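Content type compact mmCIF, C-alpha atoms and all ligand atoms, from the file my_file_0.txt:
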```txt
# COMPACT_ATOMS: atom_id res chain seq x y z
CA MET G 1 0.00 0.00 0.00
CA ILE G 2 2.81 2.38 0.91
CA LYS G 3 4.59 1.58 -2.36
CA GLN G 4 1.37 2.16 -4.27
CA SER G 5 0.73 5.57 -2.74
CA LEU G 6 4.36 6.58 -3.28
CA ARG G 7 4.06 5.64 -6.93
CA ASP G 8 0.83 7.61 -7.26
CA ARG G 9 2.45 10.59 -5.62
CA MET G 10 5.43 10.47 -7.97
CA LEU G 11 3.15 10.14 -10.99
CA ALA G 12 1.10 13.11 -9.80
CA GLY G 13 4.28 15.10 -9.15
CA VAL G 14 5.75 14.38 -12.58
CA SER G 15 2.49 15.08 -14.37
CA GLY G 16 2.09 18.31 -12.39
CA ALA G 17 5.58 19.42 -13.40
CA LEU G 18 4.77 18.73 -17.05
CA GLY G 19 1.54 20.72 -16.81
CA LEU G 20 -0.39 17.49 -17.28
CA GLY G 21 -1.95 17.63 -13.82
CA VAL G 22 -5.24 17.74 -15.68
CA LEU G 23 -5.02 14.04 -16.50
CA SER G 24 -7.02 11.71 -14.32
CA LEU G 25 -4.20 9.89 -12.57
CA PRO G 26 -5.29 8.03 -9.45
CA ALA G 27 -5.98 10.16 -6.41
CA LEU G 28 -3.10 10.42 -3.97
CA ALA G 29 -4.62 8.32 -1.21
CA GLY G 30 -7.80 6.56 -0.25
CA THR G 31 -10.72 5.54 -2.43
CA GLY G 32 -14.22 6.84 -2.60
CA GLN G 33 -13.42 10.13 -0.92
CA PRO G 34 -11.24 13.19 -1.50
CA SER G 35 -7.60 12.97 -0.42
CA PRO G 36 -5.20 15.71 0.73
CA LYS G 37 -3.65 17.68 -2.15
CA GLN G 38 -5.74 15.75 -4.64
CA ILE G 39 -5.98 17.48 -8.00
CA THR G 40 -7.44 14.67 -10.05
CA PHE G 41 -10.53 12.47 -9.93
CA GLN G 42 -11.34 9.98 -7.21
CA GLU G 43 -10.55 6.43 -8.27
CA ALA G 44 -12.98 4.96 -10.82
CA VAL G 45 -14.67 1.74 -9.63
CA THR G 46 -17.35 1.33 -12.30
CA PRO G 47 -17.04 0.82 -16.07
CA ILE G 48 -18.81 4.16 -16.64
CA ALA G 49 -16.44 6.07 -14.33
CA GLU G 50 -13.48 4.48 -16.13
CA GLU G 51 -14.90 5.59 -19.46
CA ILE G 52 -15.48 9.12 -18.12
CA HIS G 53 -11.84 9.29 -17.01
CA TRP G 54 -10.69 8.02 -20.41
CA VAL G 55 -12.75 10.61 -22.31
CA HIS G 56 -11.51 13.32 -19.93
CA ASP G 57 -7.86 12.42 -20.56
CA TYR G 58 -8.40 12.06 -24.30
CA VAL G 59 -10.03 15.48 -24.65
CA ASN G 60 -7.38 17.04 -22.41
CA ILE G 61 -4.57 15.76 -24.61
CA ILE G 62 -6.29 17.28 -27.66
CA ILE G 63 -6.66 20.58 -25.75
CA PHE G 64 -3.01 20.44 -24.72
CA VAL G 65 -1.81 19.91 -28.30
CA ILE G 66 -4.03 22.71 -29.69
CA THR G 67 -2.93 25.14 -26.98
CA ALA G 68 0.75 24.36 -27.55
CA PHE G 69 0.32 24.75 -31.33
CA VAL G 70 -1.41 28.15 -31.02
CA LEU G 71 1.15 29.40 -28.50
CA LEU G 72 4.12 28.39 -30.67
CA LEU G 73 2.48 29.81 -33.78
CA MET G 74 1.88 33.15 -32.04
CA LEU G 75 5.45 33.33 -30.75
CA TYR G 76 6.77 32.53 -34.23
CA VAL G 77 4.55 35.17 -35.88
CA MET G 78 5.54 37.81 -33.31
CA TRP G 79 9.18 37.09 -33.98
CA ARG G 80 9.13 36.52 -37.75
CA PHE G 81 6.77 39.34 -38.74
CA SER G 82 7.82 42.03 -36.29
CA GLU G 83 8.26 45.48 -37.90
CA LYS G 84 12.02 45.16 -37.47
CA ARG G 85 12.28 41.94 -39.49
CA HIS G 86 9.40 42.53 -41.84
CA PRO G 87 8.99 46.29 -42.45
CA THR G 88 6.69 46.01 -45.48
CA PRO G 89 3.66 43.82 -44.82
CA SER G 90 2.32 41.82 -47.74
CA ARG G 91 -1.21 42.61 -49.00
CA THR G 92 -2.12 38.92 -49.42
CA THR G 93 -5.73 37.95 -48.66
CA HIS G 94 -7.65 34.75 -49.37
CA ASN G 95 -5.57 31.63 -49.49
CA THR G 96 -7.93 28.89 -50.57
CA THR G 97 -5.83 25.98 -49.33
CA LEU G 98 -5.32 27.57 -45.92
CA GLU G 99 -9.01 28.43 -45.56
CA VAL G 100 -10.11 24.92 -46.45
CA LEU G 101 -7.62 23.52 -43.97
CA TRP G 102 -8.60 25.74 -41.05
CA THR G 103 -12.22 24.78 -41.64
CA VAL G 104 -11.78 21.07 -42.22
CA ILE G 105 -9.21 20.33 -39.49
CA PRO G 106 -11.32 21.80 -36.64
CA VAL G 107 -14.34 19.88 -37.98
CA LEU G 108 -12.33 16.66 -37.86
CA ILE G 109 -11.16 17.45 -34.31
CA LEU G 110 -14.77 18.02 -33.23
CA VAL G 111 -15.85 14.74 -34.83
CA ALA G 112 -12.98 12.96 -33.06
CA ILE G 113 -14.25 14.40 -29.76
CA ALA G 114 -17.92 13.76 -30.53
CA ILE G 115 -17.58 10.03 -31.27
CA PRO G 116 -16.27 8.89 -27.84
CA SER G 117 -18.40 11.41 -25.95
CA PHE G 118 -21.64 10.28 -27.63
CA LYS G 119 -20.61 6.69 -27.00
CA LEU G 120 -20.16 7.53 -23.30
CA LEU G 121 -23.52 9.30 -23.17
CA TYR G 122 -25.16 6.29 -24.81
CA ASN G 123 -23.58 3.92 -22.29
CA GLN G 124 -24.63 6.11 -19.36
CA TYR G 125 -28.25 6.01 -20.52
CA THR G 126 -28.32 2.35 -21.54
CA PHE G 127 -29.36 0.57 -18.37
CA PRO G 128 -28.40 -3.11 -18.16
CA PRO G 129 -31.04 -5.28 -16.42
CA PRO G 130 -30.86 -4.52 -12.67
CA ASP G 131 -29.72 -6.88 -9.92
CA LEU G 132 -30.81 -4.31 -7.35
CA THR G 133 -32.97 -1.20 -7.48
CA ILE G 134 -32.60 1.70 -5.05
CA LYS G 135 -34.90 4.67 -4.78
CA ALA G 136 -32.92 7.66 -3.54
CA VAL G 137 -35.03 10.47 -2.14
CA GLY G 138 -33.49 13.86 -1.39
CA HIS G 139 -34.80 15.92 1.48
CA ALA G 140 -33.68 19.24 2.90
CA TRP G 141 -31.17 18.08 4.17
CA ASN G 142 -30.53 14.38 4.11
CA TRP G 143 -31.10 11.34 1.90
CA THR G 144 -33.43 8.39 2.19
CA HIS G 145 -32.58 5.24 0.25
CA GLU G 146 -35.42 2.76 -0.22
CA LEU G 147 -34.75 -0.77 -1.41
CA PRO G 148 -38.29 -1.72 -2.51
CA ASP G 149 -37.47 -5.35 -3.41
CA GLN G 150 -35.88 -5.90 0.01
CA GLY G 151 -38.67 -3.96 1.73
CA ILE G 152 -36.28 -1.68 3.59
CA SER G 153 -35.61 2.03 3.82
CA VAL G 154 -32.51 3.78 5.16
CA ASP G 155 -32.36 7.40 6.35
CA SER G 156 -28.82 8.75 6.27
CA ILE G 157 -27.85 11.83 8.26
CA MET G 158 -24.36 13.31 8.33
CA LEU G 159 -22.35 12.55 11.48
CA GLN G 160 -21.58 15.55 13.67
CA PRO G 161 -18.00 15.73 15.06
CA ASN G 162 -18.96 14.12 18.40
CA GLU G 163 -20.96 11.38 16.64
CA ARG G 164 -17.95 10.74 14.43
CA GLU G 165 -15.83 10.30 17.56
CA ASP G 166 -18.44 7.87 18.92
CA ALA G 167 -18.38 5.87 15.69
CA ILE G 168 -14.58 5.61 15.80
CA ASN G 169 -14.73 4.56 19.47
CA ALA G 170 -17.31 1.93 18.52
CA GLY G 171 -14.82 0.41 16.09
CA MET G 172 -15.17 2.23 12.77
CA PRO G 173 -11.78 2.91 11.13
CA ALA G 174 -11.26 6.69 11.13
CA ASP G 175 -10.60 6.85 7.38
CA GLN G 176 -13.98 5.22 6.74
CA VAL G 177 -15.85 7.95 8.61
CA PRO G 178 -14.40 11.07 6.95
CA ARG G 179 -15.44 14.44 8.35
CA ASN G 180 -18.57 15.91 6.71
CA LEU G 181 -19.00 12.79 4.55
CA ALA G 182 -19.73 9.96 6.99
CA VAL G 183 -23.38 9.26 7.79
CA ASP G 184 -25.18 7.46 10.61
CA ASN G 185 -26.67 4.80 8.33
CA GLU G 186 -24.70 3.69 5.29
CA VAL G 187 -26.36 1.98 2.34
CA LEU G 188 -24.89 -1.38 1.34
CA VAL G 189 -24.85 -2.73 -2.21
CA PRO G 190 -23.39 -5.99 -3.54
CA VAL G 191 -20.14 -5.90 -5.51
CA ASP G 192 -20.16 -6.58 -9.28
CA LYS G 193 -23.94 -6.16 -9.51
CA VAL G 194 -25.89 -3.74 -11.66
CA VAL G 195 -27.67 -1.25 -9.41
CA HIS G 196 -30.36 1.05 -10.74
CA VAL G 197 -30.84 4.23 -8.74
CA LEU G 198 -34.20 5.96 -9.15
CA VAL G 199 -33.83 9.49 -7.87
CA THR G 200 -36.41 11.98 -6.68
CA SER G 201 -36.93 14.68 -4.06
CA THR G 202 -39.59 15.71 -1.58
CA ASP G 203 -38.86 19.44 -1.57
CA VAL G 204 -36.30 21.24 -3.74
CA ILE G 205 -33.91 20.05 -6.45
CA HIS G 206 -30.98 18.05 -5.05
CA ALA G 207 -28.56 15.82 -6.98
CA TRP G 208 -27.44 12.28 -6.26
CA THR G 209 -23.73 11.77 -6.93
CA ILE G 210 -20.96 9.31 -6.24
CA PRO G 211 -17.78 10.46 -8.00
CA SER G 212 -16.10 7.03 -7.95
CA PHE G 213 -19.15 5.53 -9.70
CA GLY G 214 -19.34 8.26 -12.33
CA SER G 215 -22.98 8.75 -11.33
CA LYS G 216 -24.64 12.14 -11.08
CA VAL G 217 -28.28 12.94 -11.61
CA ASP G 218 -30.66 15.63 -10.38
CA ALA G 219 -33.31 14.78 -7.78
CA VAL G 220 -36.39 16.67 -8.95
CA PRO G 221 -39.59 16.88 -6.86
CA GLY G 222 -42.49 15.11 -8.58
CA ARG G 223 -40.27 13.31 -11.06
CA ILE G 224 -38.12 10.22 -11.22
CA THR G 225 -34.69 10.48 -12.78
CA ALA G 226 -32.32 7.55 -12.89
CA THR G 227 -28.72 6.46 -13.01
CA TRP G 228 -27.01 3.10 -12.77
CA PHE G 229 -23.69 1.74 -11.60
CA LYS G 230 -21.83 -1.55 -11.34
CA ALA G 231 -19.16 -1.21 -8.67
CA THR G 232 -16.34 -3.66 -9.27
CA LYS G 233 -14.38 -3.03 -6.07
CA GLU G 234 -15.42 -3.42 -2.46
CA GLY G 235 -15.13 -0.27 -0.40
CA ILE G 236 -16.93 2.73 1.01
CA TYR G 237 -17.77 5.43 -1.51
CA PHE G 238 -18.96 8.90 -0.63
CA GLY G 239 -20.80 11.56 -2.57
CA GLN G 240 -22.48 14.85 -1.80
CA CYS G 241 -25.62 16.62 -2.92
CA SER G 242 -24.53 18.36 -6.10
CA GLU G 243 -27.33 20.81 -6.76
CA LEU G 244 -27.35 23.99 -4.66
CA CYS G 245 -30.41 23.32 -2.55
CA GLY G 246 -30.25 25.53 0.53
CA LYS G 247 -28.48 26.19 3.78
CA ASP G 248 -27.32 22.65 4.49
CA HIS G 249 -26.55 21.74 0.89
CA ALA G 250 -22.96 20.95 1.86
CA PHE G 251 -24.05 18.67 4.71
CA MET G 252 -26.16 15.98 3.08
CA PRO G 253 -23.58 13.39 2.03
CA ILE G 254 -24.26 9.99 0.48
CA ALA G 255 -22.36 6.92 1.71
CA ILE G 256 -22.56 3.67 -0.30
CA ARG G 257 -20.63 0.64 0.92
CA VAL G 258 -19.89 -2.03 -1.68
CA VAL G 259 -19.71 -5.47 -0.06
CA LYS G 260 -19.87 -9.18 -0.83
CA ASP G 261 -23.29 -10.61 -1.72
CA GLN G 262 -23.60 -12.41 1.62
CA VAL G 263 -22.87 -9.28 3.67
CA PHE G 264 -25.46 -7.36 1.68
CA ASN G 265 -28.08 -10.08 2.22
CA ASP G 266 -27.34 -10.24 5.98
CA TRP G 267 -27.59 -6.47 6.28
CA ALA G 268 -30.86 -6.30 4.32
CA ALA G 269 -32.30 -9.15 6.42
CA ALA G 270 -31.29 -7.42 9.67
CA LEU G 271 -32.97 -4.18 8.59
CA LYS G 272 -36.04 -6.04 7.40
CA ALA G 273 -36.26 -7.60 10.89
CA ARG G 274 -35.89 -4.07 12.30
CA ASP G 275 -32.68 -5.12 14.05
CA ARG G 276 -30.73 -1.88 13.64
CA LYS G 277 -28.10 -2.99 16.14
CA LYS G 278 -27.26 -6.05 14.07
CA ALA G 279 -27.24 -3.98 10.88
CA LYS G 280 -24.71 -1.62 12.48
CA GLU G 281 -22.59 -4.54 13.58
CA ILE G 282 -22.60 -5.96 10.04
CA ILE G 283 -21.43 -2.56 8.78
CA ARG G 284 -18.69 -2.38 11.44
CA ASN G 285 -17.50 -5.88 10.49
CA ALA G 286 -17.49 -4.95 6.81
CA ALA G 287 -15.50 -1.82 7.71
CA ALA G 288 -12.99 -3.86 9.69
CA ASP G 289 -12.73 -6.36 6.82
CA LEU G 290 -12.03 -3.49 4.47
CA ALA G 291 -9.39 -2.09 6.78
CA GLY G 292 -7.75 -5.52 6.74
CA LYS G 293 -8.35 -6.01 10.45
CA THR G 294 -9.39 -9.23 12.13
CA LYS G 295 -13.10 -9.47 12.66
CA THR G 296 -14.25 -9.03 16.23
CA ALA G 297 -17.39 -11.15 15.99
CA ASP G 298 -15.67 -14.39 15.04
CA ASN G 299 -12.14 -15.59 14.53
CA ARG G 300 -11.93 -15.46 10.77
CA PRO G 301 -8.53 -14.23 9.73
CA ALA G 302 -8.20 -10.83 8.07
CA ASN G 303 -8.06 -10.96 4.29
CU CU G 401 -29.41 19.03 -1.65
```
Go through the file and emit its structure as structure tokens.
Ligand SMILES: [Cu+2]
Amino acid sequence: MIKQSLRDRMLAGVSGALGLGVLSLPALAGTGQPSPKQITFQEAVTPIAEEIHWVHDYVNIIIFVITAFVLLLMLYVMWRFSEKRHPTPSRTTHNTTLEVLWTVIPVLILVAIAIPSFKLLYNQYTFPPPDLTIKAVGHAWNWTHELPDQGISVDSIMLQPNEREDAINAGMPADQVPRNLAVDNEVLVPVDKVVHVLVTSTDVIHAWTIPSFGSKVDAVPGRITATWFKATKEGIYFGQCSELCGKDHAFMPIAIRVVKDQVFNDWAAALKARDRKKAKEIIRNAAADLAGKTKTADNRPAN
């Protein structure tokens, strides 16, 4: 892990020095949440997020090349055609070849950008058949996630500093309850499964987002919007309301924990039986598993 983060840091440093800090190299530390000095995206854990990062890098390289070309051309023109070197300007206008080129080349560049971006848009809006459906409801200012097929509903409210301390004391690893992102009740989803998220709101327009999933969609009162994700890596992934909605807009985070099928089923069953204590314990065990610690409930070795 240390080696990995060192490598990421060096990559980020080198790319920053080259002015390529715009490329979506992996974040400096952690997954599913912002990291200190991060200038790039959070790690992609869904096929859509990976495609978004690819399109982002691809377009940025095109931008970089165009910008460098224009800069060099301007410097050359300033030098070559200064009054000192070129006292009598030519009266040339209309160069057919040049005009065709500066029309056709930009068109080709735009087509080259349009093809992958339309493909991405198509993939984002082509929902594979769902393994799980979640209804996310925005409220001023927290989120409710209903899992209609499991018959459960989870209200998530951001942890205040003292509640965060309590959670850490109860056994949650500190990096899994980040300040202003951790919530009292996380939502669990199974790994490698297609999850449809139906999004709506009970009051004003919010937006449901998880950066690592590449999911972002407005929550509009009286309407259902939708997004989907297929998380391929276990972990805890955070997002925030992303539509300015009012005074506590910044304090209505979303926390989705991606776990093994069995853990998800146990958690859903515990909530269905209204056993919130057991549900919390399942989450704490999943958190400990993720942190690579030995489970407290039984003697299974850490993986
Ligand atoms: Cu909001």
When the cut-off is 6 Å and you count all atoms listed in the file, which residues lie near ligand CU 401 (chain G), shown as an mmCIF file with C-alpha atoms, keeping the file's coordinate frame?
```
data_model
loop_
_atom_site.group_PDB
_atom_site.id
_atom_site.type_symbol
_atom_site.label_atom_id
_atom_site.label_comp_id
_atom_site.auth_asym_id
_atom_site.auth_seq_id
_atom_site.Cartn_x
_atom_site.Cartn_y
_atom_site.Cartn_z
ATOM 1 C CA HIS G 206 -30.980 18.050 -5.050
ATOM 2 C CA CYS G 241 -25.620 16.620 -2.920
ATOM 3 C CA GLU G 243 -27.330 20.810 -6.760
ATOM 4 C CA CYS G 245 -30.410 23.320 -2.550
ATOM 5 C CA HIS G 249 -26.550 21.740 0.890
#
```
- Check the smallest atom-to-atom distance from each of G:Ser242, G:Ser215, G:Thr225, G:Thr133 to G:Glu146 using all atoms listed in the file, then report the winner.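 Looking only at the distances to G:Glu146, the closest residue turns out to be G:Thr133.
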- Query: Out of G:Leu98, G:Ala291, G:Val259, G:Val195, which residue has the shortest atom-to-atom distance to G:Leu147 when counting only C-alpha atoms?
  - Reply: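 Of G:Leu98, G:Ala291, G:Val259, G:Val195, the one nearest G:Leu147 is G:Val195, counting only C-alpha atoms.
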- Query: Out of G:Leu290, G:Ile256, G:Ala174, G:Leu198, which residue has the shortest atom-to-atom distance to G:Pro211 when counting all atoms listed in the file?
  - Reply: G:Ile256
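For the residues G:Pro106, G:Gly235, G:Gly246, G:Gly138, ranking by smallest atom-to-atom distance to G:Pro190 using only C-alpha atoms places G:Gly235 first.
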- Given only C-alpha atoms as the counted atoms, nearest of G:Ile224, G:Val191, G:Val217, G:Phe41 to G:Gln262: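 Checking each candidate against G:Gln262, we get G:Val191 as the closest.
Taking all atoms listed in the file into account, G:Leu120 lies nearest to G:His53 out of the set G:Arg274, G:Lys280, G:His145, G:His53.
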- Message: Report as a list in words all protein, DNA and RNA residues lying within 9 Å of G:Phe213, evaluated on all atoms listed in the file, omitting residues in the same chain fewer than 6 positions from it.
- Response: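 That gives Gly32, Glu43, Ala44, Val45, Thr46, Pro47, Ile48, Ala49, Glu50, Trp228, Phe229, Lys230, Ala231 and Tyr237 of chain G.
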- For G:Val197, work out the shell of residues within 7 Å, counting all atoms listed in the file and skipping chain neighbours fewer than 5 positions away, then give it as a VMD selection string. chain G and resid 133 to 136 226 to 228
- For atom CA of G:Lys233 and atom CA of G:His56, the interatomic separation in Å (one decimal): 21.6 Å
- What's the 6 Å shell around stretch 154-166 of chain G, counting all atoms listed in the file, without same-chain residues fewer than 4 positions away, as an MDAnalysis selection string? chainID G and resid 142:145 182:185
Just to be explicit: take each residue in the selection above, keep C-alpha atoms, and write the result as a short mmCIF file (atom, residue, chain, number, x, y, z; two decimals), in the frame of the given file.
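Final output, out_15.cif:
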```cif
data_model
loop_
_atom_site.label_atom_id
_atom_site.label_comp_id
_atom_site.auth_asym_id
_atom_site.auth_seq_id
_atom_site.Cartn_x
_atom_site.Cartn_y
_atom_site.Cartn_z
CA ASN G 142 -30.53 14.38 4.11
CA TRP G 143 -31.10 11.34 1.90
CA THR G 144 -33.43 8.39 2.19
CA HIS G 145 -32.58 5.24 0.25
CA ALA G 182 -19.73 9.96 6.99
CA VAL G 183 -23.38 9.26 7.79
CA ASP G 184 -25.18 7.46 10.61
CA ASN G 185 -26.67 4.80 8.33
#
```
